[in-house]
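Below is upload_6.cif, which holds mmCIF, C-alpha atoms and all ligand atoms.
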```cif
data_my_file
#
loop_
_atom_site.label_atom_id
_atom_site.label_comp_id
_atom_site.auth_asym_id
_atom_site.auth_seq_id
_atom_site.Cartn_x
_atom_site.Cartn_y
_atom_site.Cartn_z
CA MET A 2 125.44 188.37 53.22
CA GLU A 3 122.20 189.84 54.59
CA MET A 4 122.81 192.70 57.10
CA LYS A 5 121.01 192.34 60.42
CA ASN A 6 118.97 195.44 61.34
CA ILE A 7 119.74 196.22 64.98
CA TYR A 8 116.32 197.86 65.39
CA THR A 9 114.33 194.85 64.19
CA PRO A 10 113.37 192.44 66.93
CA GLU A 11 113.61 188.73 66.36
CA ILE A 12 110.47 186.83 67.31
CA ALA A 13 111.18 184.38 70.13
CA ASP A 14 109.07 181.87 72.08
CA ILE A 15 108.48 181.91 75.78
CA THR A 16 108.88 178.23 76.61
CA ARG A 17 108.65 178.20 80.41
CA ILE A 18 107.56 180.61 83.11
CA GLU A 19 108.35 180.37 86.82
CA LYS A 20 106.95 182.81 89.33
CA MET A 21 109.69 183.64 91.81
CA THR A 22 108.14 186.33 94.02
CA GLU A 23 105.00 188.48 94.02
CA ILE A 24 106.56 190.75 91.39
CA GLU A 25 109.40 188.80 89.79
CA THR A 26 109.07 186.01 87.24
CA LEU A 27 111.64 183.89 85.42
CA TYR A 28 111.22 183.32 81.67
CA ASP A 29 112.89 180.76 79.41
CA VAL A 30 113.16 182.25 75.91
CA LYS A 31 113.87 180.28 72.74
CA LEU A 32 115.13 182.02 69.63
CA PRO A 33 114.11 180.66 66.19
CA GLY A 34 115.53 177.17 65.68
CA GLY A 35 116.91 177.18 69.24
CA ARG A 36 119.79 179.39 68.06
CA ASP A 37 122.14 180.55 70.82
CA LEU A 38 121.82 184.20 71.79
CA GLY A 39 125.63 184.47 71.76
CA HIS A 40 125.90 186.68 74.84
CA VAL A 41 128.56 187.16 77.46
CA PRO A 42 127.58 187.41 81.16
CA GLY A 43 126.44 190.92 82.06
CA GLN A 44 124.86 191.81 78.71
CA PHE A 45 121.19 192.62 78.21
CA VAL A 46 118.47 192.28 75.58
CA GLN A 47 115.68 194.64 74.56
CA VAL A 48 112.40 192.76 75.03
CA SER A 49 109.37 194.02 73.11
CA LEU A 50 105.69 193.35 72.96
CA PHE A 51 103.92 194.70 69.91
CA GLY A 52 101.60 197.57 70.66
CA VAL A 53 103.03 197.95 74.17
CA GLY A 54 106.73 198.80 74.01
CA GLU A 55 110.23 197.64 74.75
CA ALA A 56 112.33 197.25 77.93
CA PRO A 57 115.99 196.41 78.56
CA ILE A 58 116.29 193.20 80.57
CA SER A 59 119.46 191.45 81.73
CA ILE A 60 120.25 187.98 80.51
CA CYS A 61 120.42 185.87 83.65
CA SER A 62 121.46 182.52 82.20
CA SER A 63 125.00 181.42 81.49
CA PRO A 64 126.13 181.35 77.84
CA MET A 65 126.91 177.68 78.53
CA ALA A 66 123.17 176.89 78.74
CA LYS A 67 122.27 175.90 75.19
CA GLY A 68 119.04 176.25 73.22
CA LEU A 69 117.47 178.97 75.34
CA PHE A 70 118.26 181.96 77.48
CA GLN A 71 116.64 183.20 80.66
CA MET A 72 115.55 186.52 82.13
CA VAL A 73 113.87 187.63 85.35
CA VAL A 74 111.33 190.41 84.96
CA ARG A 75 110.10 192.60 87.83
CA ARG A 76 106.61 193.96 87.25
CA VAL A 77 106.88 197.77 87.55
CA GLY A 78 105.03 199.37 84.60
CA ASN A 79 103.56 199.02 81.11
CA VAL A 80 105.99 196.67 79.38
CA THR A 81 106.91 194.56 82.38
CA GLU A 82 103.22 194.15 83.33
CA ALA A 83 102.46 193.00 79.79
CA ILE A 84 105.35 190.51 79.98
CA HIS A 85 103.85 189.20 83.23
CA ARG A 86 100.58 188.48 81.41
CA LEU A 87 102.33 186.11 78.97
CA SER A 88 101.93 182.32 79.03
CA PRO A 89 104.21 179.56 77.76
CA GLY A 90 103.90 179.45 73.96
CA ASP A 91 103.49 183.22 73.64
CA LYS A 92 105.94 185.28 71.63
CA VAL A 93 108.15 188.29 72.42
CA GLY A 94 110.47 190.43 70.30
CA ILE A 95 114.16 190.27 71.19
CA ARG A 96 116.94 192.64 70.13
CA GLY A 97 120.49 192.07 71.23
CA PRO A 98 122.53 190.95 73.09
CA PHE A 99 123.73 194.49 73.77
CA GLY A 100 126.36 196.24 75.86
CA LYS A 101 129.63 195.15 77.41
CA GLY A 102 129.54 192.37 79.94
CA PHE A 103 132.25 190.65 81.98
CA CYS A 104 135.40 189.36 80.35
CA THR A 105 135.70 185.87 81.85
CA GLU A 106 139.25 185.43 80.53
CA GLU A 107 140.37 188.40 82.66
CA LEU A 108 138.89 186.69 85.72
CA GLU A 109 140.88 183.48 85.30
CA GLY A 110 143.01 182.70 88.37
CA LYS A 111 141.18 185.36 90.40
CA ASP A 112 139.02 185.11 93.53
CA ILE A 113 135.68 186.70 92.68
CA VAL A 114 133.42 188.31 95.27
CA PHE A 115 129.84 188.83 94.09
CA VAL A 116 127.79 191.50 95.83
CA ALA A 117 124.25 190.83 94.60
CA ALA A 118 121.39 192.77 96.15
CA GLY A 119 117.75 192.17 95.20
CA LEU A 120 117.27 192.23 91.44
CA GLY A 121 121.06 192.54 91.13
CA LEU A 122 121.26 188.76 91.41
CA PRO A 123 119.93 187.86 87.92
CA PRO A 124 122.65 189.65 85.89
CA LEU A 125 125.38 188.32 88.19
CA ARG A 126 123.88 184.81 88.07
CA SER A 127 124.89 184.63 84.42
CA LEU A 128 128.53 185.07 85.44
CA ILE A 129 128.27 182.94 88.61
CA ASN A 130 126.93 179.97 86.64
CA THR A 131 129.62 180.42 84.01
CA LEU A 132 132.42 180.34 86.59
CA ILE A 133 131.05 177.44 88.62
CA ASP A 134 130.18 175.27 85.63
CA GLN A 135 132.16 172.02 86.06
CA LYS A 136 133.92 172.64 82.74
CA ASN A 137 135.23 176.00 83.99
CA ARG A 138 135.49 175.83 87.74
CA LYS A 139 139.22 174.99 87.92
CA LYS A 140 140.16 178.11 85.93
CA PHE A 141 139.00 180.45 88.70
CA GLY A 142 139.94 180.92 92.32
CA ARG A 143 137.42 181.34 95.12
CA VAL A 144 133.83 182.12 94.18
CA ILE A 145 132.32 184.11 97.04
CA ILE A 146 128.66 185.02 96.68
CA LEU A 147 127.06 187.65 98.93
CA TYR A 148 123.32 187.88 98.41
CA GLY A 149 120.88 190.17 100.15
CA ALA A 150 117.17 190.88 99.91
CA LYS A 151 114.81 193.00 102.00
CA THR A 152 113.07 189.90 103.40
CA GLN A 153 112.85 186.19 102.59
CA ALA A 154 109.74 186.84 100.50
CA GLU A 155 111.94 188.63 97.96
CA PHE A 156 114.48 185.83 97.54
CA LEU A 157 115.12 184.73 93.96
CA PHE A 158 116.39 181.35 92.66
CA ASN A 159 115.78 179.47 95.90
CA ASP A 160 116.67 175.99 94.59
CA GLU A 161 119.75 177.20 92.79
CA ARG A 162 121.02 179.15 95.79
CA ALA A 163 120.56 176.01 97.92
CA SER A 164 122.79 174.17 95.45
CA TRP A 165 125.44 176.93 95.70
CA GLN A 166 125.29 176.67 99.48
CA SER A 167 125.87 172.91 99.36
CA ARG A 168 128.94 173.14 97.11
CA ALA A 169 132.38 172.98 98.72
CA ASP A 170 133.85 175.12 95.93
CA VAL A 171 131.40 178.01 96.42
CA GLU A 172 131.31 180.33 99.46
CA TYR A 173 127.78 181.56 99.82
CA HIS A 174 126.54 184.12 102.38
CA VAL A 175 123.01 185.45 102.56
CA THR A 176 121.35 188.21 104.54
CA VAL A 177 118.00 189.95 104.88
CA ASP A 178 117.50 193.59 105.78
CA ARG A 179 114.64 192.60 108.09
CA ALA A 180 113.95 189.19 109.68
CA THR A 181 110.47 187.75 109.22
CA ASP A 182 108.94 184.51 110.59
CA GLY A 183 111.19 181.49 110.15
CA TRP A 184 114.39 183.39 109.38
CA SER A 185 117.33 182.45 111.59
CA GLY A 186 120.16 183.63 109.35
CA HIS A 187 122.13 186.86 109.13
CA VAL A 188 120.20 190.13 109.43
CA GLY A 189 121.57 193.41 108.06
CA VAL A 190 122.10 195.13 104.74
CA ILE A 191 124.35 193.33 102.26
CA THR A 192 127.41 195.44 103.08
CA THR A 193 127.42 193.98 106.62
CA LEU A 194 128.63 190.69 105.09
CA ILE A 195 131.82 192.30 103.75
CA PRO A 196 133.87 193.03 106.93
CA ASP A 197 134.07 189.31 107.87
CA LEU A 198 135.52 188.25 104.52
CA ASN A 199 139.06 186.99 104.51
CA LEU A 200 140.44 188.12 101.15
CA ASP A 201 143.68 187.57 99.27
CA LEU A 202 144.03 191.12 97.97
CA GLY A 203 146.59 190.12 95.36
CA LYS A 204 143.98 188.22 93.40
CA THR A 205 140.57 189.50 94.44
CA VAL A 206 138.02 190.98 92.04
CA ALA A 207 134.53 192.14 93.11
CA ALA A 208 131.36 192.45 91.04
CA ILE A 209 128.49 194.55 92.37
CA CYS A 210 124.89 194.76 91.15
CA GLY A 211 121.87 196.01 93.02
CA PRO A 212 119.70 199.05 93.68
CA PRO A 213 121.49 202.43 93.39
CA VAL A 214 122.03 202.83 97.15
CA VAL A 215 124.10 199.64 97.34
CA TYR A 216 127.04 200.69 95.13
CA LYS A 217 128.45 203.51 97.22
CA PHE A 218 128.36 201.53 100.46
CA ALA A 219 129.56 198.27 98.93
CA ILE A 220 132.52 200.11 97.39
CA LEU A 221 133.32 201.76 100.73
CA ALA A 222 133.14 198.39 102.52
CA LEU A 223 135.42 196.81 99.90
CA HIS A 224 137.85 199.73 100.19
CA SER A 225 138.02 199.20 103.93
CA LYS A 226 139.13 195.59 103.23
CA GLY A 227 141.87 196.96 100.96
CA VAL A 228 140.20 196.21 97.62
CA ARG A 229 141.17 198.88 95.06
CA ASP A 230 138.86 200.60 92.57
CA GLU A 231 140.49 198.76 89.65
CA GLN A 232 139.54 195.45 91.29
CA ILE A 233 135.84 196.37 91.41
CA TYR A 234 133.30 195.92 88.60
CA VAL A 235 129.86 197.51 88.76
CA SER A 236 126.85 196.73 86.58
CA LEU A 237 124.87 199.97 86.18
CA GLU A 238 121.27 200.53 85.19
CA ARG A 239 120.20 203.62 83.28
CA ARG A 240 117.05 204.52 81.35
CA MET A 241 117.50 203.11 77.86
CA LYS A 242 115.62 203.31 74.61
CA CYS A 243 117.63 202.24 71.59
CA GLY A 244 120.20 200.08 73.37
CA VAL A 245 122.75 200.76 70.65
CA GLY A 246 124.32 204.17 71.33
CA LYS A 247 122.01 206.33 69.18
CA CYS A 248 119.33 208.01 71.32
CA GLY A 249 121.40 209.27 74.26
CA HIS A 250 118.85 208.22 76.91
CA CYS A 251 121.44 206.26 78.86
CA GLN A 252 124.19 208.84 78.68
CA ILE A 253 126.36 209.77 81.69
CA ASN A 254 128.57 212.66 80.54
CA ASN A 255 130.29 211.26 77.44
CA ILE A 256 129.57 207.62 78.23
CA TYR A 257 126.73 205.61 76.70
CA VAL A 258 125.90 202.99 79.32
CA CYS A 259 124.13 200.80 76.74
CA GLN A 260 127.32 200.44 74.72
CA GLU A 261 130.24 200.91 77.08
CA GLY A 262 128.39 199.25 79.97
CA PRO A 263 126.34 198.12 81.74
CA VAL A 264 129.43 196.47 83.25
CA PHE A 265 132.20 198.96 84.08
CA ASN A 266 135.48 198.75 85.88
CA TYR A 267 134.95 201.14 88.79
CA GLY A 268 138.47 202.53 88.43
CA ARG A 269 137.41 203.86 85.03
CA ILE A 270 134.21 205.62 86.06
CA ARG A 271 134.88 206.70 89.66
CA ASP A 272 135.19 210.36 88.59
CA LEU A 273 131.84 210.35 86.80
CA LYS A 274 129.72 211.99 89.48
CA GLU A 275 126.38 210.65 88.25
CA ALA A 276 127.55 207.07 87.82
CA ILE A 277 127.32 206.06 91.49
CA ARG A 278 124.74 208.00 93.46
C1 LIG A 301 120.79 197.34 81.38
C2 LIG A 301 119.49 197.14 82.11
C3 LIG A 301 119.17 195.88 82.58
C4 LIG A 301 117.95 195.66 83.23
N1 LIG A 301 117.67 194.40 83.67
C5 LIG A 301 116.48 194.15 84.22
C6 LIG A 301 116.12 192.82 84.60
O1 LIG A 301 116.89 191.86 84.45
N2 LIG A 301 114.89 192.63 85.11
C7 LIG A 301 114.00 193.66 85.29
O2 LIG A 301 112.87 193.40 85.75
N3 LIG A 301 114.32 194.91 84.98
C8 LIG A 301 115.52 195.19 84.43
N4 LIG A 301 115.83 196.47 84.07
C9 LIG A 301 114.86 197.55 84.35
C10 LIG A 301 113.75 197.52 83.30
O3 LIG A 301 114.30 197.83 82.04
C11 LIG A 301 112.66 198.54 83.65
O4 LIG A 301 112.05 198.17 84.86
C12 LIG A 301 111.62 198.57 82.54
O5 LIG A 301 112.17 199.19 81.41
C13 LIG A 301 110.39 199.31 82.97
O6 LIG A 301 109.53 199.34 81.86
P1 LIG A 301 107.95 199.40 82.05
O7 LIG A 301 107.36 199.80 80.73
O8 LIG A 301 107.42 198.14 82.65
O9 LIG A 301 107.78 200.54 83.12
P2 LIG A 301 107.38 202.06 82.87
O10 LIG A 301 105.88 202.08 82.64
O11 LIG A 301 108.25 202.68 81.85
O12 LIG A 301 107.77 202.66 84.26
C14 LIG A 301 107.23 202.14 85.47
C15 LIG A 301 108.07 202.55 86.64
O13 LIG A 301 109.40 201.99 86.52
C16 LIG A 301 110.38 203.02 86.52
N5 LIG A 301 111.43 202.66 85.55
C17 LIG A 301 111.31 202.59 84.22
N6 LIG A 301 112.47 202.24 83.65
C18 LIG A 301 113.36 202.09 84.65
C19 LIG A 301 114.74 201.75 84.74
N7 LIG A 301 115.51 201.49 83.67
N8 LIG A 301 115.30 201.69 85.95
C20 LIG A 301 114.59 201.94 87.05
N9 LIG A 301 113.29 202.27 87.04
C21 LIG A 301 112.68 202.34 85.87
C22 LIG A 301 109.63 204.28 86.12
O14 LIG A 301 110.20 205.42 86.68
C23 LIG A 301 108.26 204.04 86.74
O15 LIG A 301 108.26 204.36 88.10
C24 LIG A 301 117.04 196.73 83.44
C25 LIG A 301 117.36 198.01 82.95
C26 LIG A 301 118.56 198.21 82.30
C27 LIG A 301 118.88 199.57 81.79
S1 LIG A 302 119.91 203.64 75.09
FE1 LIG A 302 120.07 204.88 73.30
S2 LIG A 302 122.09 205.62 73.47
FE2 LIG A 302 121.98 204.20 75.08
#
```
Output the file's structure in the form of structure tokens.
Ligand SMILES: Cc1cc2nc3c(=O)[nH]c(=O)nc-3n(C[C@H](O)[C@H](O)[C@H](O)COP(=O)(O)OP(=O)(O)OC[C@H]3O[C@@H](n4cnc5c(N)ncnc54)[C@H](O)[C@@H]3O)c2cc1C
Ligand code: FES
Amino acid sequence: MEMKNIYTPEIADITRIEKMTEIETLYDVKLPGGRDLGHVPGQFVQVSLFGVGEAPISICSSPMAKGLFQMVVRRVGNVTEAIHRLSPGDKVGIRGPFGKGFCTEELEGKDIVFVAAGLGLPPLRSLINTLIDQKNRKKFGRVIILYGAKTQAEFLFNDERASWQSRADVEYHVTVDRATDGWSGHVGVITTLIPDLNLDLGKTVAAICGPPVVYKFAILALHSKGVRDEQIYVSLERRMKCGVGKCGHCQINNIYVCQEGPVFNYGRIRDLKEAIR
């Protein structure tokens, strides 16, 4: 059998592009022959453009979506700007899926609270859409989604979030840090949505993803509701190069985030000082 070289990207097609905000765009990516990526929610791929470079990007679609996978890219620098210049029909290099994601079997029977802030929504969306898929929904308890952005202009997945809001089997709460014209909903940082939650502590699990400042305060807010460290999962972002545990760029003490994460049980990493800043 031919060995797959983990450093060699596979050439994939960009089949659809949807601008979501000024700086964030959604991409549908098709691997050769429409092969499934074979990921679990929470994993990432290394996306490359020849002559430009490579960037780790979370997979934001559910593994249940067949024939393609999706990613949201925020334009911040060389690689992500080059990705933003692509058109449908263009090609990208893909390595992965890499890292450890969420174990959906462990979540069966549990109530899951998602704390998704800003660009933290795409990686969690992969898990959300897995749990709320009609084929799966009965296996899980409550699905509670907390979503926050700085303002409405930064909202992602507007149509999809409207569909979550309309579902009786999904509890969806949204907030903005700062109200702008036309906003009549909740105002305040995402952690202000946590105190009002009515949780069954015996079966609650929380998943947090967002900018670095969110983790510490979300964990404190969950603690004050009685949620224990072992019931909290965090998806962490670190500078990465190889994605496969070789270069050390992503290292926190003795942990390689690219291999052992990006999804961690907080009970396991709470003593790693650099993990949550
Ligand atoms: C596991 C993982 C998942 C990620 N998922 C996504 C995703 O779904 N969508 C997305 O848009 N981005 C995601 N990122 C971040 C993305 O990888 C970086 O924004 C990208 O590598 C920047 O590359 P660049 O060449 O465009 O920017 P550069 O030219 O390298 O840098 C431009 C600016 O971005 C900053 N920067 C570079 N890398 C990072 C980083 N890893 N984290 C924070 N700031 C950085 C630099 O300090 C600089 O200010 C993820 C990162 C990791 C590690
Ligand atoms: S990115 Fe190279 S070791 Fe993690």
Item to check | Contacts with ligand LIG 302 (chain A) at most 8 Å, all atoms listed in the file counted, listed as a ChimeraX atom specification | outcome: /A:240-252,257-260
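The closest residue to ligand LIG 301 (chain A), picked from A:Ile18, A:Leu69, A:Leu50, A:Ile12 and counting all atoms listed in the file, is A:Leu50.
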Item to check | ligand LIG 301 (chain A) neighbours within 9 Å using all atoms listed in the file, as a ChimeraX atom specification | outcome: /A:24-26,43-48,53-61,72-84,99-100,120-124,212,236-242,244,251,258-259,262-264
May I have a table of the residues of segment 157-229 of chain A lying at most 10 Å from segment 139-142 of chain A, giving each one's closest pair of atoms and their distance in Å to one decimal, counting only C-alpha atoms, ordered by chain and ascending residue number, as JSON lines?
```
{"residue": "A:Asp170", "atom": "CA", "partner": "A:Gly142", "partner_atom": "CA", "distance": 9.2}
{"residue": "A:Val171", "atom": "CA", "partner": "A:Gly142", "partner_atom": "CA", "distance": 9.9}
{"residue": "A:Lys204", "atom": "CA", "partner": "A:Gly142", "partner_atom": "CA", "distance": 8.4}
{"residue": "A:Thr205", "atom": "CA", "partner": "A:Gly142", "partner_atom": "CA", "distance": 8.9}
```
Residue subset to file, keeping C-alpha atoms, as a PDB file, in the frame of the given file:
```
ATOM      1  CA  ASP A 170     133.850 175.120  95.930  1.00  0.00           C
ATOM      2  CA  VAL A 171     131.400 178.010  96.420  1.00  0.00           C
ATOM      3  CA  LYS A 204     143.980 188.220  93.400  1.00  0.00           C
ATOM      4  CA  THR A 205     140.570 189.500  94.440  1.00  0.00           C
TER       5      THR A 205
END
```
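For the choices A:Val188, A:Val177, A:Cys104, A:Leu38, the atom-to-atom distance to Asn266 of chain A is smallest for A:Cys104 when using only C-alpha atoms.
Among A:Ala118, A:Phe158, A:Asp230, A:Lys5, the residue with the shortest atom-to-atom distance to Leu194 of chain A, counting all atoms listed in the file, is A:Ala118.
Distance-wise, atom CA of Pro98 of chain A and atom CA of Gly39 of chain A end up 7.3 Å apart.
A straight line drawn from atom CA of Ile195 of chain A to atom CA of Cys210 of chain A is 14.6 Å long.
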Next on the checklist: At a cut-off of 12 Å around the point (122.1, 175.9, 81.8) (file coordinates), what residues fall inside when counting all atoms listed in the file? I'd like the answer as an MDAnalysis selection string.
Outcome noted: chainID A and resid 29 37 61:71 126:131 133:135 161
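Relative to atom CA of Arg229 of chain A, atom CA of Arg162 of chain A is found at 28.2 Å.
The closest residue to Gly211 of chain A, picked from A:Phe103, A:Tyr8, A:Phe115, A:Phe51 and counting all atoms listed in the file, is A:Phe115.
Distances from A:Gly35, A:Gly102, A:Pro89, A:Pro42 to Arg17 of chain A were compared using all atoms listed in the file, and the smallest one belongs to A:Pro89.
With all atoms listed in the file as the basis for measurement, A:Ile233 is the residue among A:Ile233, A:Ile15, A:Leu27, A:Leu202 that approaches Ile220 of chain A most closely.
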